[in-house]
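Accompanying notes for the structure given below.
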Amino acid sequence: MSRAIGFLTRRKGGTGWDWTDVFTFVWLGAAVIIMFGPAFWLVMSSFKSPAQLSEFPPTLLPYEAQAVVVEGYDRPLPLFSVTDDAGTRTLAEVRRVGTVAQMVDPENPGEVQRINIANRTPVRKVGFSWDNYLDPFLRFDFLTYTKNSIFVTVVATLITLLTNSMAAFALSKYEFRGRGFVVVLIIATLMIPLSVILVPLYSIVSGVGLINSLWGVILPTVATPTGVFLLRQYMLTIPDELLEAARMDHASEWQIYWRIVLPLTAPALAVLAIFSVVWRWNDFLWPLIVLSRQEVYTLQVGLNAYAGELNVQWHYLLAMTVITMIPVVLVFIFLQRFITAGIAGTGLK
Amino acid sequence: MGRIQLHDIRKSFGAVDVLKGIDLTIDEGELVVFVGPSGCGKSTLLRMIAGLDKPTAGRVEIDGADVTARSAADRGLAMVFQSYALYPHMTVRANMAFGLQNTRMPKAEIDSRIAEAARMLEIEPLLDRRPGQLSGGQRQRVAIGRAIVRRPTAFLLDEPLSNLDAELRVSMRAELSALHDRLGATMIHVTHDQVEAMTMADRIVVLRAGKVEQVDTPLNLFNRPANLFVAGFIGAPGMNLWAGQARDGSVHLDNGALLPLPVGLHVPDGAVTLGIRPQHLRPQTGGPLRAKVRLIEALGPESVVHADLGAEHGLLAVLPGQPDLARGAVLDLGYDPQSVHVFGADGQRLG
């Protein structure tokens with residue numbers, strides 16, 4: 001802790017404040033707000049009730065109106081702090097007619113007071129509406145969406161790693177005529193965006209009957225040029241002598257790939273796995289096209305359902321956005337050293 | 001088991017001929033060293049024997065069977081690579097077991113073989129470490145151990161000592177020789193270090209530019225080099241080679257020196273090259289060679305003298321002890337005519 005404080009109050013030489021210190025801290029502080037502000041705002045807003053979301057001016061923290069059970073009334077009554085000629089006191093609202101509210105003192109439920117609504121403010125304290133999170137899972141299909149998303153992400157990533165590493169192995173460790181051409185061809189496909197091939201891809205997927213199937217989301221994009229290129233560049237750094245030693249050791253080509261090359265490519269595989277997980281989890285356009293039945297929606301497509309044409313259910317949308325962010329954030333927190341090491345290792349920028 | 005025969009092995013990479021027809025027989029239990037300057041094709045030749053590369057033409061036979069078309073795995077050979085090529089993600093034990101597991105050997109047999117090899121190479125405490133945690137010498141031993149457990153018909157060693165420091169190299173050299181004696185297996189050792197070749201080999205194969213220059217025992221190579229290349233390549237410091245004219249049993253150098261030839265050696269008159277090892281030159285008052293000292297390297301027990309013999313010839317002499325010489329001194333040297341090597345105009349040995 002003292003080290004953290006020492007770090008945060010570190011200054012340029014000496015003990016006094018140099019203008020560069022001030023500038024640096026202002027600059028860094030601004031950067032922190034710009035980077036984390038929106039995310040923090042999103043998380044905080046996801047705990048607000050629909051009424052509070054539409055409030056102006058907005059509050060940073062989520063609040064809940066306080067309510068109290070008063071003798072003689074069935075429902076809990078909302079509490080208000082009232083300031084008028086009679087002084088400041090806390091009353092519960094029974095009903096409201098125009099600008100006048102009928103209120104009772106919870107201590108003295110018999111006497112009804114008439115209060116101008118201009119003289120009162122709701123009593124609130126910080127509170128989180130967990131229902132924003134629970135409802136989509138309990139009352140809507142978000143549990144299914146989450147399962148679908150996890151299935152797509154995990155299976156697609158595994159297949160991507162397998163196919164890409166096999167292609168990369170062949171392209172990096174075998175000499176054959178036209179190898180360079182194949183590599184260039186694969187890299188050239190990087191220049192073709194998905195939107196260009198969307199229509200033909202759709203007719204293929206539809207032709208093989210994979211519309212409304214999670215496999216229709218997974219299969220068309222398991223072979224990625226970036227992945228092949230990244231793994232190939234890494235595999236080129238594995239010395240050929242290792243493969244030759246394995247060949248002398250009676251290893252078949254499959255064993256060389258599976259037991260020698262693949263374990264040694266682990267750092268690059270980790271990078272590709274991270275990219276694949278993040279991309280698959282966040283993928284929206286292709287699943288939206290392929291999946292049109294609720295049961296097979298992924299999270300991202302399901303999220304879209306909350307943004308109706310006329311009515312956006314912001315509280316659910318925000319809460320589920322937070323949920324969809326979590327895996328990606330976790331991946332980056334725990335695996336970021338693989339990303340930097342892996343990218344540095346492959347010479348890829 | 002372990003007799004390897006090469007018949008007219010040729011290898012070309014595109015238009016470049018790397019090996020130009022090599023015939024060689026390596027007998028069972030022999031330790032043969034391939035030596036030659038870099039780029040002479042010695043490693044390529046070893047890879048042909050191993051089966052890692054296919055020859056453009058020619059035949060490889062092991063124990064009389066033609067194995068030219070067989071893959072490396074099916075030749076029953078083991079190789080130790082220059083970089084050791086240990087699998088970095090496996091422990092030492094797994095490294096040694098890998099080749100045996102691939103032949104579906106029972107686990108008990110694998111364990112006993114590893115234990116035996118580990119005891120022989122004194123790497124028992126290292127078995128559960130990974131190659132990255134070992135020193136160069138330890139890695140070397142593991143690489144050899146990986147070859148031993150396979151019980152191969154022959155060991156192929158591709159410059160196995162070149163990555164070690166000088167001190168370790170000397171001790172590993174002795175260990176490899178001892179191992180060869182103990183295993184009695186055929187070994188082919190590739191090196192560019194002639195000291196390694198001289199000390200370890202039963203026979204040395206001197207290669208140059210894809211051709212075998214001479215195959216013989218180390219001492220025969222030293223004492224009777226077949227041609228100018230072998231004469232210059234074997235021995236340190238290198239042999240003095242002077243071009244001159246042979247006449248009446250002597251060689252006349254350009255600077256007027258008259259060098260006697262061994263009695264009984266008939267050399268036809270004409271251009272020859274005369275070779276004398278630096279170790280065979282002795283100070284001799286009135287000797288046939290008169291040289292001006294340029295540099296003295298005092299090594300303690302002996303001194304290497306660099307001298308000029310006339311305008312264009314240099315001279316190297318290894319003199320015993322620490323002779324009292326200074327730069328610029330004029331030195332008269334003589335030699336025993338029996339220790340002289342004479343090479344004809346075509347570079348081949350005469351007599």
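Identifiers in the structure tokens: chain A, B, ... in order shown; residue index from 1 per chain; ligand index from 1 in order shown.
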Q) What residues in chain B have any atom no more than 7 Å from chain A when counting only C-alpha atoms, and can you write them as a list in words? A) Leu52, Ala72, Ala73, Ala78, Ala85, Leu86, Tyr87, His89, Phe98, Gly99, Asn102 and Thr103 of chain B
Put those residues in a file: N, CA and C atoms, as an mmCIF file, in the first residue's frame.
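Written file, again.cif:
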```
data_model
loop_
_atom_site.group_PDB
_atom_site.id
_atom_site.type_symbol
_atom_site.label_atom_id
_atom_site.label_comp_id
_atom_site.auth_asym_id
_atom_site.auth_seq_id
_atom_site.Cartn_x
_atom_site.Cartn_y
_atom_site.Cartn_z
ATOM 1 N N LEU B 52 17.917 -37.979 -43.616
ATOM 2 C CA LEU B 52 17.178 -36.713 -43.525
ATOM 3 C C LEU B 52 17.139 -36.020 -44.875
ATOM 4 N N ALA B 72 14.296 -41.823 -42.472
ATOM 5 C CA ALA B 72 15.267 -41.719 -41.387
ATOM 6 C C ALA B 72 14.894 -42.629 -40.225
ATOM 7 N N ALA B 73 13.595 -42.732 -39.941
ATOM 8 C CA ALA B 73 13.171 -43.496 -38.777
ATOM 9 C C ALA B 73 13.483 -44.981 -38.937
ATOM 10 N N ALA B 78 20.939 -43.273 -34.871
ATOM 11 C CA ALA B 78 20.616 -42.184 -33.951
ATOM 12 C C ALA B 78 21.559 -41.037 -34.234
ATOM 13 N N ALA B 85 19.148 -30.193 -30.236
ATOM 14 C CA ALA B 85 17.757 -30.436 -30.639
ATOM 15 C C ALA B 85 16.984 -31.213 -29.583
ATOM 16 N N LEU B 86 17.148 -30.837 -28.325
ATOM 17 C CA LEU B 86 16.322 -31.438 -27.268
ATOM 18 C C LEU B 86 14.953 -30.777 -27.322
ATOM 19 N N TYR B 87 13.895 -31.568 -27.052
ATOM 20 C CA TYR B 87 12.556 -30.990 -27.084
ATOM 21 C C TYR B 87 12.384 -30.118 -25.842
ATOM 22 N N HIS B 89 10.036 -28.588 -24.369
ATOM 23 C CA HIS B 89 8.867 -28.647 -23.503
ATOM 24 C C HIS B 89 8.780 -29.967 -22.758
ATOM 25 N N PHE B 98 10.970 -40.411 -25.660
ATOM 26 C CA PHE B 98 10.137 -40.116 -26.835
ATOM 27 C C PHE B 98 10.349 -41.107 -27.974
ATOM 28 N N GLY B 99 11.609 -41.324 -28.311
ATOM 29 C CA GLY B 99 11.897 -42.213 -29.434
ATOM 30 C C GLY B 99 11.488 -43.653 -29.159
ATOM 31 N N ASN B 102 7.645 -44.117 -29.336
ATOM 32 C CA ASN B 102 7.164 -44.167 -30.712
ATOM 33 C C ASN B 102 7.282 -45.555 -31.319
ATOM 34 N N THR B 103 8.155 -46.398 -30.756
ATOM 35 C CA THR B 103 8.252 -47.756 -31.282
ATOM 36 C C THR B 103 7.416 -48.720 -30.444
#
```
Q: Might you pull out every residue within 10 Å of Ala326 (chain B), with only C-alpha atoms counted and same-chain residues fewer than 5 positions away left off, and present them as number ranges by chain?
A: B: 292-296
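Of note, CA of Pro262 (chain B) and CA of Val215 (chain B) are spaced 25.0 Å apart.
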Q: Considering only C-alpha atoms, return as an MDAnalysis selection string whatever protein or nucleic-acid residues lie within 7 Å of region 154-171 of chain A, sequence-local ones (same chain, fewer than 2 positions apart) excluded.
A: chainID A and resid 150:152 173:174 179 218 222:223 227:228 231:232 235 269 273 276:277
**Q.** Contacts of Gly344 (chain B) at 7 Å (only C-alpha atoms; same-chain gap of 2+ positions) as a list in words
**A.**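 Surrounding residues, per the criterion: Ala271, Val272, Thr273, Val342, Asp346, Gly347, Gln348, Arg349 and Leu350 of chain B.
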Q: Write down as an MDAnalysis selection string the residues belonging to region 69-255 of chain B that are assigned helix (DSSP H, G or I) by DSSP computed on the backbone.
A: chainID B and resid 72:75 92:101 107:121 124:126 131:133 136:148 166:183 194:200 218:223 228:233
Write the residues of the selection above to a file with C-alpha atoms, as a PDB file, in the first residue's frame.
```pdb
ATOM      1  CA  ALA B  72      15.267 -41.719 -41.387  1.00  0.00           C
ATOM      2  CA  ALA B  73      13.171 -43.496 -38.777  1.00  0.00           C
ATOM      3  CA  ASP B  74      13.594 -46.901 -40.409  1.00  0.00           C
ATOM      4  CA  ARG B  75      17.362 -46.886 -40.711  1.00  0.00           C
ATOM      5  CA  VAL B  92      15.047 -34.962 -19.777  1.00  0.00           C
ATOM      6  CA  ARG B  93      13.327 -38.265 -19.076  1.00  0.00           C
ATOM      7  CA  ALA B  94      10.587 -37.555 -21.617  1.00  0.00           C
ATOM      8  CA  ASN B  95      13.184 -36.472 -24.153  1.00  0.00           C
ATOM      9  CA  MET B  96      14.933 -39.795 -23.830  1.00  0.00           C
ATOM     10  CA  ALA B  97      11.700 -41.776 -23.791  1.00  0.00           C
ATOM     11  CA  PHE B  98      10.137 -40.116 -26.835  1.00  0.00           C
ATOM     12  CA  GLY B  99      11.897 -42.213 -29.434  1.00  0.00           C
ATOM     13  CA  LEU B 100      11.205 -45.428 -27.531  1.00  0.00           C
ATOM     14  CA  GLN B 101       7.522 -44.660 -26.991  1.00  0.00           C
ATOM     15  CA  LYS B 107       7.191 -48.986 -20.268  1.00  0.00           C
ATOM     16  CA  ALA B 108       9.370 -51.129 -18.011  1.00  0.00           C
ATOM     17  CA  GLU B 109      11.896 -51.591 -20.795  1.00  0.00           C
ATOM     18  CA  ILE B 110      11.926 -47.831 -21.473  1.00  0.00           C
ATOM     19  CA  ASP B 111      12.518 -47.081 -17.804  1.00  0.00           C
ATOM     20  CA  SER B 112      15.358 -49.544 -17.496  1.00  0.00           C
ATOM     21  CA  ARG B 113      17.056 -48.239 -20.624  1.00  0.00           C
ATOM     22  CA  ILE B 114      16.772 -44.646 -19.448  1.00  0.00           C
ATOM     23  CA  ALA B 115      18.114 -45.573 -16.035  1.00  0.00           C
ATOM     24  CA  GLU B 116      21.054 -47.351 -17.600  1.00  0.00           C
ATOM     25  CA  ALA B 117      21.904 -44.490 -19.943  1.00  0.00           C
ATOM     26  CA  ALA B 118      21.484 -41.938 -17.178  1.00  0.00           C
ATOM     27  CA  ARG B 119      23.869 -43.868 -14.964  1.00  0.00           C
ATOM     28  CA  MET B 120      26.395 -44.181 -17.744  1.00  0.00           C
ATOM     29  CA  LEU B 121      26.280 -40.447 -18.505  1.00  0.00           C
ATOM     30  CA  GLU B 124      20.483 -39.180 -13.047  1.00  0.00           C
ATOM     31  CA  PRO B 125      19.804 -36.052 -10.949  1.00  0.00           C
ATOM     32  CA  LEU B 126      18.724 -34.162 -14.058  1.00  0.00           C
ATOM     33  CA  PRO B 131      16.527 -28.704 -21.192  1.00  0.00           C
ATOM     34  CA  GLY B 132      16.252 -24.973 -20.484  1.00  0.00           C
ATOM     35  CA  GLN B 133      17.442 -25.585 -16.927  1.00  0.00           C
ATOM     36  CA  GLY B 136      25.615 -26.706 -22.230  1.00  0.00           C
ATOM     37  CA  GLY B 137      27.577 -29.740 -21.143  1.00  0.00           C
ATOM     38  CA  GLN B 138      24.569 -31.314 -19.457  1.00  0.00           C
ATOM     39  CA  ARG B 139      22.449 -30.784 -22.558  1.00  0.00           C
ATOM     40  CA  GLN B 140      25.163 -32.459 -24.564  1.00  0.00           C
ATOM     41  CA  ARG B 141      25.011 -35.484 -22.312  1.00  0.00           C
ATOM     42  CA  VAL B 142      21.241 -35.655 -22.560  1.00  0.00           C
ATOM     43  CA  ALA B 143      21.466 -35.487 -26.341  1.00  0.00           C
ATOM     44  CA  ILE B 144      23.911 -38.368 -26.290  1.00  0.00           C
ATOM     45  CA  GLY B 145      21.714 -40.209 -23.814  1.00  0.00           C
ATOM     46  CA  ARG B 146      18.743 -39.828 -26.134  1.00  0.00           C
ATOM     47  CA  ALA B 147      20.819 -41.503 -28.828  1.00  0.00           C
ATOM     48  CA  ILE B 148      22.115 -44.281 -26.552  1.00  0.00           C
ATOM     49  CA  ALA B 166      37.169 -25.018 -24.772  1.00  0.00           C
ATOM     50  CA  GLU B 167      37.643 -26.743 -21.428  1.00  0.00           C
ATOM     51  CA  LEU B 168      34.410 -28.718 -21.617  1.00  0.00           C
ATOM     52  CA  ARG B 169      35.172 -29.673 -25.184  1.00  0.00           C
ATOM     53  CA  VAL B 170      38.381 -31.391 -24.137  1.00  0.00           C
ATOM     54  CA  SER B 171      36.681 -33.411 -21.413  1.00  0.00           C
ATOM     55  CA  MET B 172      33.648 -34.299 -23.563  1.00  0.00           C
ATOM     56  CA  ARG B 173      36.037 -35.400 -26.288  1.00  0.00           C
ATOM     57  CA  ALA B 174      37.627 -37.884 -23.932  1.00  0.00           C
ATOM     58  CA  GLU B 175      34.197 -38.995 -22.706  1.00  0.00           C
ATOM     59  CA  LEU B 176      32.921 -39.605 -26.198  1.00  0.00           C
ATOM     60  CA  SER B 177      35.975 -41.704 -26.968  1.00  0.00           C
ATOM     61  CA  ALA B 178      35.475 -43.676 -23.761  1.00  0.00           C
ATOM     62  CA  LEU B 179      31.806 -44.142 -24.623  1.00  0.00           C
ATOM     63  CA  HIS B 180      32.740 -45.450 -28.023  1.00  0.00           C
ATOM     64  CA  ASP B 181      35.081 -47.976 -26.452  1.00  0.00           C
ATOM     65  CA  ARG B 182      32.407 -49.084 -24.022  1.00  0.00           C
ATOM     66  CA  LEU B 183      29.531 -49.348 -26.511  1.00  0.00           C
ATOM     67  CA  GLN B 194      41.165 -31.210 -36.634  1.00  0.00           C
ATOM     68  CA  VAL B 195      42.284 -31.705 -33.039  1.00  0.00           C
ATOM     69  CA  GLU B 196      38.961 -33.409 -32.381  1.00  0.00           C
ATOM     70  CA  ALA B 197      39.478 -35.508 -35.484  1.00  0.00           C
ATOM     71  CA  MET B 198      43.044 -36.468 -34.613  1.00  0.00           C
ATOM     72  CA  THR B 199      42.326 -37.400 -31.009  1.00  0.00           C
ATOM     73  CA  MET B 200      39.089 -39.331 -31.449  1.00  0.00           C
ATOM     74  CA  PRO B 218      45.074 -39.994 -37.916  1.00  0.00           C
ATOM     75  CA  LEU B 219      48.821 -40.660 -37.754  1.00  0.00           C
ATOM     76  CA  ASN B 220      49.016 -41.777 -41.364  1.00  0.00           C
ATOM     77  CA  LEU B 221      47.268 -38.581 -42.385  1.00  0.00           C
ATOM     78  CA  PHE B 222      49.815 -36.614 -40.413  1.00  0.00           C
ATOM     79  CA  ASN B 223      52.839 -38.555 -41.553  1.00  0.00           C
ATOM     80  CA  LEU B 228      48.706 -30.718 -50.813  1.00  0.00           C
ATOM     81  CA  PHE B 229      45.275 -30.055 -49.344  1.00  0.00           C
ATOM     82  CA  VAL B 230      45.535 -32.729 -46.671  1.00  0.00           C
ATOM     83  CA  ALA B 231      49.108 -31.665 -45.930  1.00  0.00           C
ATOM     84  CA  GLY B 232      48.001 -28.088 -45.347  1.00  0.00           C
ATOM     85  CA  PHE B 233      44.785 -28.995 -43.520  1.00  0.00           C
TER      86      PHE B 233
END
```
Q | Met239 (chain B) surroundings by only C-alpha atoms, 8 Å radius, close-in-sequence under 2 positions cut, as a PyMOL selection string | A | chain B and resi 231-232+235-237+241+275-278+316
**Q.** Shell around Ala188 (chain A) at 12 Å using only C-alpha atoms, local window under 6 positions removed, as a list in words
**A.**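 Skipping anything fewer than 6 positions along the chain leaves Phe181, Val182, Thr224, Pro225, Thr226 and Phe229 of chain A.
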Could you write out that same residue set with N, CA and C atoms as a PDB file, in the first residue's frame?
```
ATOM      1  N   PHE A 181       3.234 -19.084 -52.831  1.00  0.00           N
ATOM      2  CA  PHE A 181       2.020 -18.605 -53.473  1.00  0.00           C
ATOM      3  C   PHE A 181       0.810 -18.826 -52.570  1.00  0.00           C
ATOM      4  N   VAL A 182       0.761 -20.006 -51.955  1.00  0.00           N
ATOM      5  CA  VAL A 182      -0.370 -20.311 -51.070  1.00  0.00           C
ATOM      6  C   VAL A 182      -0.401 -19.343 -49.896  1.00  0.00           C
ATOM      7  N   THR A 224      -8.996 -18.594 -40.334  1.00  0.00           N
ATOM      8  CA  THR A 224      -8.763 -17.161 -40.460  1.00  0.00           C
ATOM      9  C   THR A 224      -7.364 -16.916 -41.004  1.00  0.00           C
ATOM     10  N   PRO A 225      -7.225 -16.046 -41.980  1.00  0.00           N
ATOM     11  CA  PRO A 225      -5.900 -15.755 -42.523  1.00  0.00           C
ATOM     12  C   PRO A 225      -4.957 -15.191 -41.460  1.00  0.00           C
ATOM     13  N   THR A 226      -5.503 -14.350 -40.573  1.00  0.00           N
ATOM     14  CA  THR A 226      -4.660 -13.799 -39.511  1.00  0.00           C
ATOM     15  C   THR A 226      -4.078 -14.909 -38.659  1.00  0.00           C
ATOM     16  N   PHE A 229      -1.415 -16.907 -40.522  1.00  0.00           N
ATOM     17  CA  PHE A 229      -0.197 -16.114 -40.669  1.00  0.00           C
ATOM     18  C   PHE A 229       0.542 -16.004 -39.335  1.00  0.00           C
TER      19      PHE A 229
END
```
Q. Near Met48 (chain B), counting only C-alpha atoms, which residues have an atom at most 9 Å away, once you skip same-chain residues fewer than 6 positions from it, shown as a list in words?
A.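 The neighbour list is Ile9, Lys11, Lys54, Pro55, Val60 and Thr68 of chain B.
In this model, the gap between CA of Asn240 (chain B) and CA of Val190 (chain B) comes to 26.5 Å.
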**Q.** Residue nearest Gly39 (chain B) - candidates B:Asp165, B:Leu134, B:His7, B:Gly210, atoms counted: only C-alpha atoms
**A.** B:Gly210
Q) For the atom pair CA of Gly244 (chain B) and CA of Thr285 (chain B), what is the interatomic distance in Å to one decimal place? A) 22.9 Å
